[in-house]
Amino acid sequence: MTNLNLLYVEDDEETIDNIDFFLKRHFNEIIIAQDGEKAFNYFIEKKPDIIILDINIPKLNGLKLASKIREINKKIPIIFLTAFSDKDNLLQAINLHACSYLIKPFRIDELINALNKCKRDFFEENQNPYLKVLNQDFIWDKQKKELSFNGQKISLTKNEISLIDLFVENDFRFFTPEEIHEFIFLDNDIKDNSIIQLISRLKRKIINFSGNNNFFIENIYNKGYHLK
């Protein structure tokens, strides 16, 4: 979803350096502010889609900044960062409709999960209802039956399209290979391992295209396949 812009408010240079490269892979533009006053000005000027906001920043702390932002925009997703597991800060962040709240130092997978949640919130609130966030930066267009990664369309076979469509339309359901086989191939005489091969080929294609291992279909033992 590199078509989204991020306002990243952090005064610690080392923290910025540690995750700036990662963030650039996931957003069209990263707007960095190191104090609350600059951050508010950037918010007004740049109109970001998502905010990562350290609570302990100079001039205007993160909670006061978020309060000012909420007076203008009540729905923009905000991830709060703090070095302290402080109950009062957490309660204030919740009252300010935090999308997520991370304690520093946080792991990169925690940030990924928080960003994924914020992106889902953003698309549910602002985007085409036909768009479905599958995993991280994969978007499925239910109307066009198209899959994209970071805004780039991924070429799919007819069976791959049917496979993804089945999972998207039945978001929380598990499917056995036999059920998937029946949906995709109908009454055609296909080998028993055809579904496993189809999913494996799609997984390789997705990994090769994206350069990461965030495939959006998983197999749970004794349950079957489902959408992550």
# chains A, B, ... in the order shown; residues from 1 in each chain; ligands from 1
>>> residues_around(residues="stretch 205-212 of chain A", least_positions_apart="5", cutoff="10 Å", atoms="only C-alpha atoms", output="VMD selection string")
chain A and resid 137 to 138 148 to 150 152 154 to 156 199 to 200
>>> closest_atom_pairs(of="stretch 104-166 of chain A", to="stretch 36-55 of chain A", cutoff="10 Å", atoms="only C-alpha atoms", output="CSV")
residue,atom,partner,partner_atom,distance
A:Lys104,CA,A:Asp54,CA,9.4
A:Leu111,CA,A:Ile52,CA,9.8
A:Ala114,CA,A:Ile52,CA,9.8
A:Leu115,CA,A:Ile50,CA,8.7
A:Cys118,CA,A:Ile50,CA,7.2
A:Lys119,CA,A:Ile50,CA,7.9
A:Asp121,CA,A:Ile50,CA,9.9
A:Phe122,CA,A:Asp49,CA,7.6
A:Asn126,CA,A:Asp49,CA,9.7
>>> residues_around(residues="stretch 23-33 of chain A", least_positions_apart="3", cutoff="7 Å", atoms="only C-alpha atoms", output="number ranges by chain")
A: 1-10, 19-20, 38-39
>>> write_last_selection(atoms="all heavy atoms", output="mmCIF file, in the first residue's frame")
data_model
loop_
_atom_site.group_PDB
_atom_site.id
_atom_site.type_symbol
_atom_site.label_atom_id
_atom_site.label_comp_id
_atom_site.auth_asym_id
_atom_site.auth_seq_id
_atom_site.Cartn_x
_atom_site.Cartn_y
_atom_site.Cartn_z
ATOM 1 N N MET A 1 0.831 -1.209 0.000
ATOM 2 C CA MET A 1 0.000 0.000 0.000
ATOM 3 C C MET A 1 0.857 1.247 0.000
ATOM 4 O O MET A 1 0.720 2.126 0.822
ATOM 5 C CB MET A 1 -0.928 -0.011 1.210
ATOM 6 C CG MET A 1 -2.210 -0.706 0.950
ATOM 7 S SD MET A 1 -3.106 -1.012 2.471
ATOM 8 C CE MET A 1 -2.256 -2.481 3.016
ATOM 9 N N THR A 2 1.760 1.315 -0.942
ATOM 10 C CA THR A 2 2.643 2.472 -0.967
ATOM 11 C C THR A 2 1.925 3.724 -1.443
ATOM 12 O O THR A 2 2.538 4.779 -1.535
ATOM 13 C CB THR A 2 3.861 2.207 -1.870
ATOM 14 O OG1 THR A 2 3.402 1.763 -3.155
ATOM 15 C CG2 THR A 2 4.768 1.158 -1.275
ATOM 16 N N ASN A 3 0.646 3.621 -1.799
ATOM 17 C CA ASN A 3 -0.104 4.824 -2.168
ATOM 18 C C ASN A 3 -0.529 5.607 -0.926
ATOM 19 O O ASN A 3 -1.078 6.702 -1.041
ATOM 20 C CB ASN A 3 -1.336 4.455 -2.998
ATOM 21 C CG ASN A 3 -2.230 3.455 -2.296
ATOM 22 O OD1 ASN A 3 -1.758 2.527 -1.655
ATOM 23 N ND2 ASN A 3 -3.522 3.653 -2.411
ATOM 24 N N LEU A 4 -0.255 5.077 0.262
ATOM 25 C CA LEU A 4 -0.589 5.771 1.498
ATOM 26 C C LEU A 4 0.600 6.577 1.999
ATOM 27 O O LEU A 4 1.753 6.205 1.797
ATOM 28 C CB LEU A 4 -0.998 4.770 2.581
ATOM 29 C CG LEU A 4 -2.232 3.897 2.302
ATOM 30 C CD1 LEU A 4 -2.509 2.995 3.494
ATOM 31 C CD2 LEU A 4 -3.441 4.737 1.968
ATOM 32 N N ASN A 5 0.300 7.695 2.685
ATOM 33 C CA ASN A 5 1.343 8.549 3.264
ATOM 34 C C ASN A 5 1.309 8.443 4.783
ATOM 35 O O ASN A 5 0.237 8.351 5.389
ATOM 36 C CB ASN A 5 1.134 10.008 2.841
ATOM 37 C CG ASN A 5 1.267 10.192 1.346
ATOM 38 O OD1 ASN A 5 2.007 9.454 0.687
ATOM 39 N ND2 ASN A 5 0.558 11.156 0.794
ATOM 40 N N LEU A 6 2.496 8.469 5.384
ATOM 41 C CA LEU A 6 2.627 8.302 6.824
ATOM 42 C C LEU A 6 3.272 9.522 7.453
ATOM 43 O O LEU A 6 4.292 10.020 6.966
ATOM 44 C CB LEU A 6 3.491 7.069 7.122
ATOM 45 C CG LEU A 6 3.888 6.856 8.588
ATOM 46 C CD1 LEU A 6 2.701 6.321 9.383
ATOM 47 C CD2 LEU A 6 5.071 5.896 8.700
ATOM 48 N N LEU A 7 2.695 9.992 8.556
ATOM 49 C CA LEU A 7 3.343 10.995 9.399
ATOM 50 C C LEU A 7 3.967 10.256 10.574
ATOM 51 O O LEU A 7 3.269 9.642 11.379
ATOM 52 C CB LEU A 7 2.328 12.028 9.896
ATOM 53 C CG LEU A 7 2.855 13.053 10.920
ATOM 54 C CD1 LEU A 7 4.031 13.840 10.359
ATOM 55 C CD2 LEU A 7 1.734 14.002 11.357
ATOM 56 N N TYR A 8 5.288 10.327 10.662
ATOM 57 C CA TYR A 8 6.037 9.626 11.708
ATOM 58 C C TYR A 8 6.617 10.666 12.656
ATOM 59 O O TYR A 8 7.498 11.438 12.281
ATOM 60 C CB TYR A 8 7.126 8.768 11.064
ATOM 61 C CG TYR A 8 8.020 8.021 12.027
ATOM 62 C CD1 TYR A 8 7.560 7.565 13.267
ATOM 63 C CD2 TYR A 8 9.332 7.735 11.680
ATOM 64 C CE1 TYR A 8 8.381 6.870 14.126
ATOM 65 C CE2 TYR A 8 10.170 7.028 12.536
ATOM 66 C CZ TYR A 8 9.691 6.609 13.753
ATOM 67 O OH TYR A 8 10.510 5.917 14.612
ATOM 68 N N VAL A 9 6.127 10.692 13.901
ATOM 69 C CA VAL A 9 6.517 11.713 14.874
ATOM 70 C C VAL A 9 7.391 11.063 15.941
ATOM 71 O O VAL A 9 6.910 10.294 16.779
ATOM 72 C CB VAL A 9 5.286 12.381 15.513
ATOM 73 C CG1 VAL A 9 5.721 13.589 16.330
ATOM 74 C CG2 VAL A 9 4.260 12.783 14.455
ATOM 75 N N GLU A 10 8.677 11.375 15.914
ATOM 76 C CA GLU A 10 9.656 10.740 16.804
ATOM 77 C C GLU A 10 10.858 11.669 16.943
ATOM 78 O O GLU A 10 11.361 12.188 15.949
ATOM 79 C CB GLU A 10 10.078 9.387 16.201
ATOM 80 C CG GLU A 10 11.249 8.707 16.883
ATOM 81 C CD GLU A 10 10.932 8.284 18.301
ATOM 82 O OE1 GLU A 10 10.151 7.322 18.488
ATOM 83 O OE2 GLU A 10 11.465 8.940 19.218
ATOM 84 N N ILE A 19 13.915 2.222 11.830
ATOM 85 C CA ILE A 19 12.708 1.761 11.126
ATOM 86 C C ILE A 19 12.371 2.574 9.883
ATOM 87 O O ILE A 19 11.425 2.240 9.173
ATOM 88 C CB ILE A 19 11.484 1.719 12.066
ATOM 89 C CG1 ILE A 19 11.053 3.137 12.499
ATOM 90 C CG2 ILE A 19 11.740 0.850 13.267
ATOM 91 C CD1 ILE A 19 9.725 3.122 13.230
ATOM 92 N N ASP A 20 13.136 3.622 9.581
ATOM 93 C CA ASP A 20 12.836 4.452 8.417
ATOM 94 C C ASP A 20 12.888 3.633 7.131
ATOM 95 O O ASP A 20 12.011 3.748 6.266
ATOM 96 C CB ASP A 20 13.820 5.625 8.341
ATOM 97 C CG ASP A 20 13.507 6.560 7.186
ATOM 98 O OD1 ASP A 20 12.342 6.981 7.072
ATOM 99 O OD2 ASP A 20 14.415 6.860 6.389
ATOM 100 N N LYS A 38 5.818 20.907 14.942
ATOM 101 C CA LYS A 38 6.068 20.622 13.523
ATOM 102 C C LYS A 38 5.129 19.539 13.009
ATOM 103 O O LYS A 38 4.632 19.601 11.885
ATOM 104 C CB LYS A 38 7.523 20.193 13.323
ATOM 105 C CG LYS A 38 8.524 21.324 13.392
ATOM 106 C CD LYS A 38 9.936 20.826 13.093
ATOM 107 C CE LYS A 38 10.948 21.968 13.164
ATOM 108 N NZ LYS A 38 12.337 21.482 12.927
ATOM 109 N N ALA A 39 4.902 18.549 13.861
ATOM 110 C CA ALA A 39 4.026 17.459 13.457
ATOM 111 C C ALA A 39 2.618 17.956 13.145
ATOM 112 O O ALA A 39 1.999 17.535 12.158
ATOM 113 C CB ALA A 39 3.972 16.401 14.559
#
>>> select_by_dssp(residues="chain A", states="alpha helix (DSSP H)", output="VMD selection string")
chain A and resid 13 to 24 36 to 46 62 to 72 87 to 95 108 to 126 158 to 169 177 to 185 194 to 210
>>> write_last_selection(atoms="C-alpha atoms", output="short mmCIF file (atom, residue, chain, number, x, y, z; two decimals), in the first residue's frame")
data_model
loop_
_atom_site.label_atom_id
_atom_site.label_comp_id
_atom_site.auth_asym_id
_atom_site.auth_seq_id
_atom_site.Cartn_x
_atom_site.Cartn_y
_atom_site.Cartn_z
CA GLU A 13 17.33 9.80 15.82
CA GLU A 14 18.36 6.20 16.45
CA THR A 15 14.76 4.99 16.50
CA ILE A 16 14.07 6.89 13.27
CA ASP A 17 17.10 5.34 11.58
CA ASN A 18 16.15 1.85 12.75
CA ILE A 19 12.71 1.76 11.13
CA ASP A 20 12.84 4.45 8.42
CA PHE A 21 14.05 1.97 5.77
CA PHE A 22 11.31 -0.49 6.72
CA LEU A 23 8.61 2.18 6.58
CA LYS A 24 9.71 3.36 3.12
CA GLY A 36 4.70 18.13 18.31
CA GLU A 37 4.41 21.60 16.80
CA LYS A 38 6.07 20.62 13.52
CA ALA A 39 4.03 17.46 13.46
CA PHE A 40 0.76 19.38 13.73
CA ASN A 41 1.82 21.74 10.94
CA TYR A 42 2.73 18.75 8.75
CA PHE A 43 -0.61 17.14 9.57
CA ILE A 44 -2.45 20.24 8.34
CA GLU A 45 -0.24 20.71 5.28
CA LYS A 46 0.41 17.12 4.11
CA GLY A 62 1.97 13.15 21.70
CA LEU A 63 -1.27 13.00 23.67
CA LYS A 64 -1.89 16.75 23.36
CA LEU A 65 -0.97 16.58 19.67
CA ALA A 66 -3.40 13.71 19.16
CA SER A 67 -6.15 15.69 20.90
CA LYS A 68 -5.62 18.59 18.47
CA ILE A 69 -5.63 16.18 15.53
CA ARG A 70 -8.84 14.54 16.75
CA GLU A 71 -10.57 17.93 16.78
CA ILE A 72 -9.98 18.02 13.02
CA LYS A 87 -1.54 3.08 32.57
CA ASP A 88 -2.61 6.74 32.43
CA ASN A 89 -0.99 7.19 29.00
CA LEU A 90 -2.64 4.00 27.78
CA LEU A 91 -6.08 5.12 28.95
CA GLN A 92 -5.65 8.53 27.33
CA ALA A 93 -4.52 6.88 24.09
CA ILE A 94 -7.59 4.62 24.14
CA ASN A 95 -9.82 7.65 24.72
CA ILE A 108 9.40 -5.13 13.99
CA ASP A 109 6.66 -7.80 13.85
CA GLU A 110 4.69 -5.84 16.45
CA LEU A 111 4.94 -2.75 14.26
CA ILE A 112 3.91 -4.78 11.20
CA ASN A 113 0.80 -6.04 13.00
CA ALA A 114 -0.07 -2.52 14.16
CA LEU A 115 0.36 -1.11 10.65
CA ASN A 116 -1.72 -3.88 9.13
CA LYS A 117 -4.55 -3.10 11.55
CA CYS A 118 -4.33 0.62 10.77
CA LYS A 119 -4.33 -0.05 7.04
CA ARG A 120 -7.42 -2.24 7.37
CA ASP A 121 -9.13 0.49 9.40
CA PHE A 122 -8.15 3.07 6.78
CA PHE A 123 -9.52 1.06 3.87
CA GLU A 124 -12.72 0.15 5.70
CA GLU A 125 -13.32 3.81 6.45
CA ASN A 126 -12.11 5.53 3.32
CA LYS A 158 -7.93 -18.42 -13.95
CA ASN A 159 -7.61 -21.04 -11.20
CA GLU A 160 -5.56 -18.73 -8.98
CA ILE A 161 -8.25 -16.07 -9.32
CA SER A 162 -10.93 -18.58 -8.38
CA LEU A 163 -8.87 -19.74 -5.41
CA ILE A 164 -8.35 -16.25 -3.97
CA ASP A 165 -11.96 -15.31 -4.65
CA LEU A 166 -13.16 -18.36 -2.73
CA PHE A 167 -11.18 -17.40 0.37
CA VAL A 168 -12.09 -13.70 0.20
CA GLU A 169 -15.80 -14.40 -0.12
CA PRO A 177 -8.49 -29.53 -0.39
CA GLU A 178 -11.54 -31.54 -1.50
CA GLU A 179 -13.87 -28.57 -0.98
CA ILE A 180 -11.51 -26.23 -2.84
CA HIS A 181 -11.22 -28.82 -5.63
CA GLU A 182 -15.00 -29.01 -5.99
CA PHE A 183 -15.36 -25.22 -6.15
CA ILE A 184 -12.57 -24.59 -8.69
CA PHE A 185 -12.66 -27.64 -10.94
CA SER A 194 -3.92 -30.57 -7.75
CA ILE A 195 -5.08 -28.13 -5.03
CA ILE A 196 -1.87 -28.49 -3.02
CA GLN A 197 0.12 -27.84 -6.20
CA LEU A 198 -2.08 -24.85 -7.10
CA ILE A 199 -1.59 -23.25 -3.69
CA SER A 200 2.15 -24.00 -3.75
CA ARG A 201 2.57 -22.37 -7.17
CA LEU A 202 0.62 -19.32 -6.05
CA LYS A 203 2.72 -19.07 -2.90
CA ARG A 204 5.96 -19.16 -4.92
CA LYS A 205 4.60 -16.52 -7.29
CA ILE A 206 3.62 -14.23 -4.40
CA ILE A 207 6.96 -14.65 -2.63
CA ASN A 208 8.94 -14.03 -5.83
CA PHE A 209 6.87 -10.96 -6.67
CA SER A 210 6.90 -9.36 -3.22
#
>>> atom_distance(atom1="atom CA of A:Phe216", atom2="atom CA of A:Pro129")
19.5 Å
>>> residues_around(residues="A:Pro58", least_positions_apart="2", cutoff="7 Å", atoms="only C-alpha atoms", output="PDB file with all heavy atoms, in the first residue's frame")
ATOM      1  N   ASP A  35       9.119  17.079  16.706  1.00  0.00           N
ATOM      2  CA  ASP A  35       8.435  17.702  17.837  1.00  0.00           C
ATOM      3  C   ASP A  35       6.963  17.864  17.486  1.00  0.00           C
ATOM      4  O   ASP A  35       6.571  17.797  16.314  1.00  0.00           O
ATOM      5  CB  ASP A  35       9.075  19.044  18.218  1.00  0.00           C
ATOM      6  CG  ASP A  35       8.919  20.124  17.170  1.00  0.00           C
ATOM      7  OD1 ASP A  35       7.769  20.550  16.910  1.00  0.00           O
ATOM      8  OD2 ASP A  35       9.934  20.557  16.597  1.00  0.00           O
ATOM      9  N   GLY A  36       6.143  18.088  18.498  1.00  0.00           N
ATOM     10  CA  GLY A  36       4.704  18.130  18.310  1.00  0.00           C
ATOM     11  C   GLY A  36       4.200  19.278  17.457  1.00  0.00           C
ATOM     12  O   GLY A  36       3.237  19.135  16.705  1.00  0.00           O
ATOM     13  N   ASN A  56       6.223  10.833  24.029  1.00  0.00           N
ATOM     14  CA  ASN A  56       7.188  11.698  24.713  1.00  0.00           C
ATOM     15  C   ASN A  56       8.027  12.480  23.710  1.00  0.00           C
ATOM     16  O   ASN A  56       9.171  12.128  23.420  1.00  0.00           O
ATOM     17  CB  ASN A  56       8.081  10.835  25.619  1.00  0.00           C
ATOM     18  CG  ASN A  56       7.256  10.080  26.641  1.00  0.00           C
ATOM     19  OD1 ASN A  56       6.696  10.670  27.551  1.00  0.00           O
ATOM     20  ND2 ASN A  56       7.171   8.773  26.476  1.00  0.00           N
ATOM     21  N   LEU A  60       5.151  19.860  22.189  1.00  0.00           N
ATOM     22  CA  LEU A  60       3.742  19.478  22.345  1.00  0.00           C
ATOM     23  C   LEU A  60       3.732  17.959  22.418  1.00  0.00           C
ATOM     24  O   LEU A  60       4.026  17.296  21.430  1.00  0.00           O
ATOM     25  CB  LEU A  60       2.919  19.973  21.146  1.00  0.00           C
ATOM     26  CG  LEU A  60       1.405  19.767  21.186  1.00  0.00           C
ATOM     27  CD1 LEU A  60       0.774  20.625  22.284  1.00  0.00           C
ATOM     28  CD2 LEU A  60       0.788  20.123  19.826  1.00  0.00           C
ATOM     29  N   ASN A  61       3.429  17.393  23.589  1.00  0.00           N
ATOM     30  CA  ASN A  61       3.560  15.937  23.705  1.00  0.00           C
ATOM     31  C   ASN A  61       2.536  15.217  22.839  1.00  0.00           C
ATOM     32  O   ASN A  61       1.564  15.795  22.358  1.00  0.00           O
ATOM     33  CB  ASN A  61       3.505  15.478  25.167  1.00  0.00           C
ATOM     34  CG  ASN A  61       2.112  15.519  25.763  1.00  0.00           C
ATOM     35  OD1 ASN A  61       1.134  15.095  25.168  1.00  0.00           O
ATOM     36  ND2 ASN A  61       2.019  16.031  26.984  1.00  0.00           N
TER      37      ASN A  61
END
>>> select_by_dssp(residues="stretch 32-219 of chain A", states="strand (DSSP E or B)", output="ChimeraX atom specification")
/A:32-33,50-54,78-82,100-103,131-135,138-141,146-149,152-154,175,217-219
>>> residues_around(residues="A:Ser100", least_positions_apart="5", cutoff="7 Å", atoms="only C-alpha atoms", output="ChimeraX atom specification")
/A:78-80,114
>>> write_last_selection(atoms="all heavy atoms", output="short mmCIF file (atom, residue, chain, number, x, y, z; two decimals), in the first residue's frame")
data_model
loop_
_atom_site.label_atom_id
_atom_site.label_comp_id
_atom_site.auth_asym_id
_atom_site.auth_seq_id
_atom_site.Cartn_x
_atom_site.Cartn_y
_atom_site.Cartn_z
N ILE A 78 -4.07 6.19 14.33
CA ILE A 78 -2.88 6.64 15.06
C ILE A 78 -2.30 5.48 15.85
O ILE A 78 -3.02 4.84 16.63
CB ILE A 78 -3.19 7.80 16.01
CG1 ILE A 78 -3.77 9.01 15.26
CG2 ILE A 78 -1.94 8.22 16.79
CD1 ILE A 78 -4.18 10.17 16.17
N ILE A 79 -1.01 5.22 15.64
CA ILE A 79 -0.27 4.25 16.46
C ILE A 79 0.54 5.04 17.48
O ILE A 79 1.40 5.85 17.10
CB ILE A 79 0.67 3.39 15.61
CG1 ILE A 79 -0.12 2.58 14.58
CG2 ILE A 79 1.50 2.46 16.50
CD1 ILE A 79 0.76 1.84 13.58
N PHE A 80 0.28 4.84 18.76
CA PHE A 80 1.02 5.53 19.81
C PHE A 80 2.24 4.71 20.22
O PHE A 80 2.16 3.48 20.36
CB PHE A 80 0.14 5.76 21.03
CG PHE A 80 -0.89 6.85 20.85
CD1 PHE A 80 -2.19 6.54 20.47
CD2 PHE A 80 -0.56 8.17 21.08
CE1 PHE A 80 -3.14 7.53 20.31
CE2 PHE A 80 -1.51 9.18 20.91
CZ PHE A 80 -2.80 8.86 20.53
N ALA A 114 0.62 -3.79 13.89
CA ALA A 114 -0.07 -2.52 14.16
C ALA A 114 -0.38 -1.79 12.85
O ALA A 114 -1.49 -1.26 12.67
CB ALA A 114 0.79 -1.64 15.06
#
>>> atom_distance(atom1="atom CA of A:His226", atom2="atom CA of A:Asp171")
7.6 Å
>>> closest_residue(among="A:Asn170, A:Asn219, A:Gln143, A:Asn73", to="A:His97", atoms="only C-alpha atoms")
A:Asn73
